[in-house]
Structures are given as structure tokens and as C-alpha cells.
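Okay, query.csv is below, CSV, C-alpha atoms:
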```
chain,number,residue,atom,x,y,z
A,1,MET,CA,132.4,170.5,74.8
A,2,ALA,CA,134.5,172.2,72.1
A,3,ARG,CA,136.3,168.8,71.5
A,4,GLU,CA,133.0,167.1,71.0
A,5,ASN,CA,131.9,169.8,68.5
A,6,GLN,CA,135.2,169.4,66.7
A,7,LYS,CA,134.7,165.7,66.5
A,8,THR,CA,131.2,166.1,65.2
A,9,ILE,CA,132.4,168.5,62.5
A,10,TYR,CA,135.1,166.0,61.4
A,11,ALA,CA,132.5,163.3,61.2
A,12,ILE,CA,130.1,165.4,59.1
A,13,VAL,CA,133.0,166.4,56.8
A,14,ALA,CA,134.2,162.8,56.5
A,15,VAL,CA,130.7,161.6,55.5
A,16,ALA,CA,130.5,164.4,52.9
A,17,VAL,CA,134.0,163.6,51.5
A,18,PHE,CA,133.3,159.9,51.2
A,19,ALA,CA,129.8,160.6,49.7
A,20,ALA,CA,131.6,162.6,47.0
A,21,LEU,CA,134.1,159.8,46.5
A,22,VAL,CA,131.3,157.3,46.1
A,23,PHE,CA,129.6,159.6,43.6
A,24,VAL,CA,132.7,160.2,41.5
A,25,GLY,CA,133.6,156.5,41.7
A,26,SER,CA,130.1,155.6,40.4
A,27,VAL,CA,130.6,158.0,37.4
A,28,ILE,CA,133.7,156.0,36.3
A,29,GLN,CA,132.0,153.1,34.6
A,30,VAL,CA,131.6,150.8,31.7
A,31,PRO,CA,127.9,150.4,30.7
A,32,VAL,CA,126.7,146.9,29.9
A,33,PRO,CA,123.3,146.3,28.1
A,34,ALA,CA,120.9,144.0,29.9
A,35,ALA,CA,117.6,142.4,28.8
A,36,PHE,CA,115.7,145.2,30.4
A,37,GLY,CA,117.6,148.4,31.2
A,38,MET,CA,121.4,148.8,31.6
A,39,THR,CA,123.8,147.6,34.1
A,40,ARG,CA,127.4,148.7,34.6
A,41,ILE,CA,130.9,148.0,35.9
A,42,HIS,CA,132.0,150.9,38.0
A,43,LEU,CA,134.3,152.0,40.8
A,44,GLY,CA,131.6,153.3,43.2
A,45,ASN,CA,131.5,150.1,45.3
A,46,ILE,CA,135.2,150.5,46.1
A,47,PHE,CA,134.4,153.7,47.8
A,48,CYS,CA,131.3,152.3,49.4
A,49,LEU,CA,133.4,149.6,51.1
A,50,LEU,CA,136.1,152.2,51.9
A,51,SER,CA,133.4,154.3,53.6
A,52,GLY,CA,132.4,151.4,55.8
A,53,PHE,CA,136.0,150.6,56.7
A,54,MET,CA,137.1,154.2,57.4
A,55,LEU,CA,133.9,155.6,59.0
A,56,GLY,CA,132.3,152.5,60.5
A,57,PRO,CA,128.8,151.2,59.9
A,58,VAL,CA,126.6,154.2,60.5
A,59,SER,CA,128.7,157.1,59.0
A,60,GLY,CA,130.1,154.8,56.3
A,61,GLY,CA,126.6,153.6,55.4
A,62,LEU,CA,125.4,157.2,55.2
A,63,ALA,CA,128.3,158.2,53.0
A,64,ALA,CA,127.8,155.3,50.6
A,65,GLY,CA,124.0,155.7,50.5
A,66,ILE,CA,124.1,159.4,49.9
A,67,GLY,CA,126.8,159.3,47.3
A,68,SER,CA,125.1,156.5,45.4
A,69,GLY,CA,121.6,158.0,45.7
A,70,LEU,CA,122.8,161.3,44.4
A,71,TYR,CA,124.4,159.5,41.5
A,72,ASP,CA,121.1,158.0,40.6
A,73,ILE,CA,119.3,161.3,40.7
A,74,ILE,CA,121.9,163.6,39.1
A,75,ILE,CA,123.7,161.4,36.5
A,76,TYR,CA,121.3,158.5,35.9
A,77,GLY,CA,118.2,160.7,36.3
A,78,ASP,CA,116.3,158.0,38.2
A,79,MET,CA,114.3,159.5,41.1
A,80,LEU,CA,112.4,156.2,41.7
A,81,SER,CA,115.5,154.1,42.0
A,82,ALA,CA,117.5,156.5,44.2
A,83,PRO,CA,115.8,155.6,47.6
A,84,PHE,CA,116.5,151.9,47.0
A,85,THR,CA,120.1,152.7,46.0
A,86,LEU,CA,120.5,154.9,49.1
A,87,VAL,CA,119.4,152.0,51.3
A,88,PHE,CA,121.1,149.2,49.4
A,89,LYS,CA,124.5,150.9,49.1
A,90,GLY,CA,124.1,152.2,52.7
A,91,LEU,CA,123.7,148.6,53.8
A,92,LEU,CA,126.7,147.5,51.7
A,93,ALA,CA,129.0,149.9,53.6
A,94,GLY,CA,127.1,149.4,56.9
A,95,VAL,CA,127.5,145.6,56.9
A,96,CYS,CA,131.2,146.0,55.9
A,97,GLY,CA,131.7,148.5,58.8
A,98,LEU,CA,129.8,146.4,61.3
A,99,ILE,CA,132.0,143.3,60.6
A,100,ALA,CA,135.2,145.3,60.3
A,101,TYR,CA,134.6,146.9,63.6
A,102,ALA,CA,133.3,143.8,65.4
A,103,GLY,CA,134.6,143.2,68.9
A,104,HIS,CA,137.5,145.4,69.5
A,105,SER,CA,139.1,145.2,66.1
A,106,LYS,CA,138.3,148.7,64.9
A,107,GLY,CA,139.1,147.8,61.3
A,108,GLU,CA,142.6,146.6,62.2
A,109,ASN,CA,142.2,142.9,61.4
A,110,HIS,CA,143.1,142.3,57.8
A,111,LYS,CA,141.4,138.9,57.5
A,112,LEU,CA,138.2,140.3,59.1
A,113,ASN,CA,138.3,143.2,56.7
A,114,ILE,CA,138.3,140.8,53.7
A,115,VAL,CA,135.3,139.0,55.2
A,116,ALA,CA,133.7,142.4,55.9
A,117,GLY,CA,134.2,143.5,52.2
A,118,ILE,CA,132.8,140.2,50.9
A,119,CYS,CA,129.8,140.3,53.2
A,120,GLY,CA,129.0,143.9,52.4
A,121,SER,CA,129.2,143.2,48.7
A,122,VAL,CA,127.1,140.0,48.9
A,123,THR,CA,124.5,141.9,50.9
A,124,TYR,CA,124.2,144.5,48.2
A,125,MET,CA,124.1,141.9,45.4
A,126,ILE,CA,121.2,140.1,47.1
A,127,LEU,CA,119.2,143.3,47.5
A,128,TYR,CA,120.0,144.6,44.0
A,129,LEU,CA,119.2,141.3,42.2
A,130,GLY,CA,116.1,140.8,44.3
A,131,LYS,CA,114.9,144.3,43.3
A,132,SER,CA,115.7,143.7,39.7
A,133,PHE,CA,113.8,140.4,39.7
A,134,ALA,CA,110.8,142.0,41.3
A,135,GLU,CA,110.9,144.9,38.8
A,136,GLY,CA,111.1,142.5,35.9
A,137,LEU,CA,108.1,140.6,37.0
A,138,LEU,CA,106.1,143.8,37.9
A,139,LEU,CA,106.8,145.2,34.4
A,140,GLY,CA,105.2,142.1,33.0
A,141,SER,CA,108.4,140.7,31.4
A,142,GLU,CA,108.5,137.0,30.6
A,143,MET,CA,110.4,134.9,33.1
A,144,GLY,CA,113.1,134.0,30.5
A,145,THR,CA,113.7,137.7,29.9
A,146,VAL,CA,113.8,138.4,33.6
A,147,LEU,CA,116.3,135.6,34.2
A,148,THR,CA,118.5,136.7,31.3
A,149,ALA,CA,118.6,140.2,32.7
A,150,LEU,CA,119.3,138.8,36.1
A,151,ALA,CA,122.2,136.7,34.8
A,152,THR,CA,123.8,139.8,33.2
A,153,LYS,CA,123.3,141.8,36.3
A,154,PHE,CA,124.7,139.0,38.5
A,155,VAL,CA,127.9,138.9,36.4
A,156,THR,CA,128.5,142.6,36.4
A,157,SER,CA,127.6,142.9,40.1
A,158,GLY,CA,130.0,140.0,40.8
A,159,ILE,CA,132.8,141.8,38.9
A,160,ASN,CA,132.0,145.0,40.8
A,161,ALA,CA,132.1,143.1,44.1
A,162,ILE,CA,135.4,141.4,43.3
A,163,ILE,CA,137.0,144.7,42.2
A,164,ALA,CA,135.7,146.5,45.2
A,165,VAL,CA,137.1,144.0,47.7
A,166,VAL,CA,140.4,143.5,46.0
A,167,VAL,CA,141.0,147.3,45.8
A,168,SER,CA,139.3,148.6,49.0
A,169,VAL,CA,140.9,146.2,51.5
A,170,PRO,CA,144.6,147.1,50.7
A,171,LEU,CA,143.7,150.7,50.0
A,172,TYR,CA,142.1,150.9,53.5
A,173,THR,CA,145.2,149.5,55.1
A,174,VAL,CA,147.4,152.1,53.5
A,175,LEU,CA,145.0,155.0,54.2
A,176,ARG,CA,144.5,153.9,57.8
A,177,LEU,CA,148.2,153.9,58.4
A,178,ALA,CA,148.6,157.3,56.8
A,179,LEU,CA,145.8,158.8,58.9
A,180,LYS,CA,147.1,157.2,62.0
A,181,LYS,CA,150.6,158.8,61.4
A,182,SER,CA,149.0,162.2,60.7
A,183,GLY,CA,146.8,162.1,63.9
A,184,LEU,CA,143.6,162.4,61.9
A,185,LEU,CA,142.4,158.8,62.5
A,186,GLU,CA,141.4,159.6,66.1
A,187,LYS,CA,139.5,162.6,64.9
A,188,LEU,CA,137.4,160.5,62.5
A,189,GLY,CA,136.4,157.8,65.1
```

This entry written out as C-alpha cells:
Amino acid sequence: MARENQKTIYAIVAVAVFAALVFVGSVIQVPVPAAFGMTRIHLGNIFCLLSGFMLGPVSGGLAAGIGSGLYDIIIYGDMLSAPFTLVFKGLLAGVCGLIAYAGHSKGENHKLNIVAGICGSVTYMILYLGKSFAEGLLLGSEMGTVLTALATKFVTSGINAIIAVVVSVPLYTVLRLALKKSGLLEKLG
């Protein structure tokens, strides 16, 4: 029983640590003006994917969603967007973790990890752009304005996705090896 409690504590701490990494990564950004609102290039998605890789679909999804949702509330000041961000970023990491841990791979298959990172990122982009499109229409913007904003957000989201996959996959490989050597990997999963 004590071993199970210790594993639960490690899991909770890991979710909290990765949520903090996602939050801080989201703060490191370059704002990009869009037709309605702002969009940005940031490092948060790197840590969202890394959460999925390191913690798996459920815990990784929680970490990514919580860290991103808190960013929306604390830094961006957007209480209305935070629940969407929590779910969308949670699904980014969740899809990544689900694919990376498919079968018996447990995140050890490098090619599958690349696919996992891409699929997680594409999942997020579809959700984010769909929400942006619906918001633009609901706000009564003209279709041209909505599509211009969407094009800007598509480009910045694409850049975020590429950076996230290119950085998170090799970073995960290095971190996984270090955690395995230290004996902490078994405690996380």
C-alpha cells in the first residue's frame, strides 16, 4: 500500500511540475496581431507534447490543460477562453500520449513519437481554428475578416506545431534516458 501511495504522490507532483513548465513555456512568446484579437508564437506547446510523452495521455493531458488554462487566466486574463484552452491543450497532450504509448511501445518508438507529436499538434490546431472561426462569426465579423484572422492563426499555429514537434521529440528521448538511468522513470509510470 505504501508503494502505491508513493507512486500516486510522484504522479501528482509530475502533473504539477509539467503544468508549471507548460505555463512558463506559454509565457515565453512573440505576439502576432490578427484581424480580431492577437495570436502568438510560444514555447508552451513543446511542454504540452512533452507532458504527453513523459506522463502518458491522462496525466499528460491534465498537465498540459491545467498549465495552459492557468496561463489564460493569470497572464492573458481571459476567463472565458480558459476552459476551452484547458480541454484543447489537454487533448493535444492526450492524443500525443495515446499514440506514443500505443501497443506496448511506452513512448520508446522514435518514429511513433514523431507521429504522436504531429497528431497531437494537428488535433489542437483543428480545435483552436474551429473555435476561432466560430467566435469570428458569432461576433458578427465579415467572412473576409474571419478568414484573414484564421489565416494568420493557421500560420502561427503551424509554426508553434513545427517547433513543438522538432524540439519535444528529441528532448523527450534525452529526458527519458536520463530518468531511466536515475530510476525515476518507473516511479512516474

Residues within 7 Å of Ala64 in chain A, please, as a PyMOL selection string. Count only C-alpha atoms; anything in the same chain fewer than 6 positions from it doesn't count.
chain A and resi 19+22+48+51+89-90+93

I'd like the contact shell of Phe18 in chain A - 9 Å cut-off, all atoms listed in the file, skipping same-chain residues fewer than 3 positions apart - returned as a list in words.
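The neighbour list is Val13, Ala14, Val15, Leu21, Val22, Phe23, Phe47, Cys48, Leu50, Ser51, Leu55, Gly60, Ala63, Ala64 and Gly67 of chain A.
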
Would you export the selected residues with C-alpha atoms as a PDB file, keeping the file's coordinate frame, please?
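Okay, selection-v4.pdb is ready:
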```pdb
ATOM      1  CA  VAL A  13     133.000 166.400  56.800  1.00  0.00           C
ATOM      2  CA  ALA A  14     134.200 162.800  56.500  1.00  0.00           C
ATOM      3  CA  VAL A  15     130.700 161.600  55.500  1.00  0.00           C
ATOM      4  CA  LEU A  21     134.100 159.800  46.500  1.00  0.00           C
ATOM      5  CA  VAL A  22     131.300 157.300  46.100  1.00  0.00           C
ATOM      6  CA  PHE A  23     129.600 159.600  43.600  1.00  0.00           C
ATOM      7  CA  PHE A  47     134.400 153.700  47.800  1.00  0.00           C
ATOM      8  CA  CYS A  48     131.300 152.300  49.400  1.00  0.00           C
ATOM      9  CA  LEU A  50     136.100 152.200  51.900  1.00  0.00           C
ATOM     10  CA  SER A  51     133.400 154.300  53.600  1.00  0.00           C
ATOM     11  CA  LEU A  55     133.900 155.600  59.000  1.00  0.00           C
ATOM     12  CA  GLY A  60     130.100 154.800  56.300  1.00  0.00           C
ATOM     13  CA  ALA A  63     128.300 158.200  53.000  1.00  0.00           C
ATOM     14  CA  ALA A  64     127.800 155.300  50.600  1.00  0.00           C
ATOM     15  CA  GLY A  67     126.800 159.300  47.300  1.00  0.00           C
TER      16      GLY A  67
END
```

Using all atoms listed in the file, determine which residues lie at most 10 Å from range 38-41 of chain A, disregarding the query and same-chain residues fewer than 4 positions distant; provide the list as an MDAnalysis selection string.
chainID A and resid 26 28:34 45 149 152:161 163

For the residues selected in the previous step, produce a file with C-alpha atoms as a compact mmCIF listing (two decimals), keeping the file's coordinate frame.
```txt
# COMPACT_ATOMS: atom_id res chain seq x y z
CA SER A 26 130.10 155.60 40.40
CA ILE A 28 133.70 156.00 36.30
CA GLN A 29 132.00 153.10 34.60
CA VAL A 30 131.60 150.80 31.70
CA PRO A 31 127.90 150.40 30.70
CA VAL A 32 126.70 146.90 29.90
CA PRO A 33 123.30 146.30 28.10
CA ALA A 34 120.90 144.00 29.90
CA ASN A 45 131.50 150.10 45.30
CA ALA A 149 118.60 140.20 32.70
CA THR A 152 123.80 139.80 33.20
CA LYS A 153 123.30 141.80 36.30
CA PHE A 154 124.70 139.00 38.50
CA VAL A 155 127.90 138.90 36.40
CA THR A 156 128.50 142.60 36.40
CA SER A 157 127.60 142.90 40.10
CA GLY A 158 130.00 140.00 40.80
CA ILE A 159 132.80 141.80 38.90
CA ASN A 160 132.00 145.00 40.80
CA ALA A 161 132.10 143.10 44.10
CA ILE A 163 137.00 144.70 42.20
```

Excluding Cys119 in chain A and its own-chain neighbours fewer than 2 positions away, which residues fall within 9 Å of it when counting all atoms listed in the file? Please give them as a list of chain:residue names.
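Near Cys119 in chain A, the qualifying residues are A:Leu92, A:Val95, A:Cys96, A:Ile99, A:Ile114, A:Val115, A:Ala116, A:Gly117, A:Ser121, A:Val122, A:Thr123, A:Tyr124.
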
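Residues in contact with Ala100 in chain A at up to 7 Å, not including ones fewer than 6 positions away on its chain and judged by only C-alpha atoms, are Phe53, Lys106, Gly107, Leu112, Asn113 and Ala116 of chain A.
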
In the coordinate frame of the file, compute which residues have an atom within 12 Å of (144.5, 151.3, 51.4) when using all atoms listed in the file, and state them as a PyMOL selection string.
chain A and resi 46-47+49-51+53-54+107-108+110+113+164-179

Under the rule that only C-alpha atoms are counted, which of A:Ala16, A:Leu147, A:Ala2, A:Ala82 is the nearest residue to Ser132 in chain A?
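That would be A:Leu147, the residue with the smallest distance to Ser132 in chain A.
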
Atomic separation - CA of Lys181 in chain A relative to CA of Asn109 in chain A, Å:
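Between CA of Asn109 in chain A and CA of Lys181 in chain A the gap works out to 18.0 Å.
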
What is the distance between CA of Gly77 in chain A and CA of Leu139 in chain A, in Å to one decimal?
19.3 Å

My structure is short of atoms at range 149-160 of chain A; please model all heavy atoms there, returning them as a short mmCIF file (atom, residue, chain, number, x, y, z; two decimals), keeping the file's coordinate frame.
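After the write, result-v9.cif holds the following:
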```cif
data_model
loop_
_atom_site.label_atom_id
_atom_site.label_comp_id
_atom_site.auth_asym_id
_atom_site.auth_seq_id
_atom_site.Cartn_x
_atom_site.Cartn_y
_atom_site.Cartn_z
N ALA A 149 118.20 138.94 32.13
CA ALA A 149 118.60 140.20 32.70
C ALA A 149 119.34 140.02 34.02
O ALA A 149 120.36 140.63 34.31
CB ALA A 149 117.46 141.17 32.83
N LEU A 150 118.76 139.14 34.83
CA LEU A 150 119.30 138.80 36.10
C LEU A 150 120.73 138.23 36.00
O LEU A 150 121.64 138.56 36.78
CB LEU A 150 118.42 137.89 36.91
CG LEU A 150 118.05 138.29 38.32
CD1 LEU A 150 117.57 139.70 38.40
CD2 LEU A 150 117.06 137.33 38.90
N ALA A 151 120.90 137.34 35.04
CA ALA A 151 122.20 136.70 34.80
C ALA A 151 123.25 137.76 34.46
O ALA A 151 124.37 137.76 34.98
CB ALA A 151 122.11 135.64 33.74
N THR A 152 122.89 138.69 33.58
CA THR A 152 123.80 139.80 33.20
C THR A 152 124.14 140.64 34.39
O THR A 152 125.30 140.97 34.63
CB THR A 152 123.17 140.63 32.08
OG1 THR A 152 122.81 139.80 30.99
CG2 THR A 152 124.12 141.72 31.62
N LYS A 153 123.12 141.00 35.16
CA LYS A 153 123.30 141.80 36.30
C LYS A 153 124.14 141.09 37.41
O LYS A 153 124.94 141.70 38.12
CB LYS A 153 122.01 142.33 36.89
CG LYS A 153 121.37 143.36 35.97
CD LYS A 153 120.08 143.92 36.53
CE LYS A 153 119.54 144.98 35.58
NZ LYS A 153 118.53 145.81 36.20
N PHE A 154 123.95 139.78 37.51
CA PHE A 154 124.70 139.00 38.50
C PHE A 154 126.21 139.02 38.11
O PHE A 154 127.06 139.20 38.97
CB PHE A 154 124.21 137.54 38.50
CG PHE A 154 125.03 136.65 39.41
CD1 PHE A 154 124.81 136.65 40.77
CD2 PHE A 154 126.00 135.82 38.88
CE1 PHE A 154 125.57 135.84 41.61
CE2 PHE A 154 126.77 135.00 39.71
CZ PHE A 154 126.55 135.01 41.08
N VAL A 155 126.50 138.86 36.82
CA VAL A 155 127.90 138.90 36.40
C VAL A 155 128.53 140.23 36.63
O VAL A 155 129.62 140.32 37.21
CB VAL A 155 128.02 138.46 34.89
CG1 VAL A 155 129.42 138.71 34.35
CG2 VAL A 155 127.63 137.00 34.70
N THR A 156 127.86 141.31 36.21
CA THR A 156 128.50 142.60 36.40
C THR A 156 128.54 143.00 37.88
O THR A 156 129.53 143.59 38.31
CB THR A 156 127.67 143.73 35.63
OG1 THR A 156 126.30 143.71 36.04
CG2 THR A 156 127.78 143.55 34.14
N SER A 157 127.54 142.62 38.67
CA SER A 157 127.60 142.90 40.10
C SER A 157 128.73 142.08 40.75
O SER A 157 129.41 142.57 41.66
CB SER A 157 126.28 142.52 40.79
OG SER A 157 125.28 143.41 40.40
N GLY A 158 128.92 140.86 40.29
CA GLY A 158 130.00 140.00 40.80
C GLY A 158 131.37 140.65 40.48
O GLY A 158 132.27 140.68 41.32
N ILE A 159 131.51 141.14 39.25
CA ILE A 159 132.80 141.80 38.90
C ILE A 159 132.97 143.06 39.73
O ILE A 159 134.07 143.29 40.25
CB ILE A 159 132.76 142.16 37.37
CG1 ILE A 159 132.82 140.88 36.53
CG2 ILE A 159 133.92 143.11 37.02
CD1 ILE A 159 132.56 141.08 35.05
N ASN A 160 131.92 143.86 39.91
CA ASN A 160 132.00 145.00 40.80
C ASN A 160 132.42 144.65 42.19
O ASN A 160 133.24 145.32 42.82
CB ASN A 160 130.67 145.80 40.82
CG ASN A 160 130.42 146.62 39.58
OD1 ASN A 160 131.34 147.06 38.91
ND2 ASN A 160 129.16 146.82 39.27
#
```
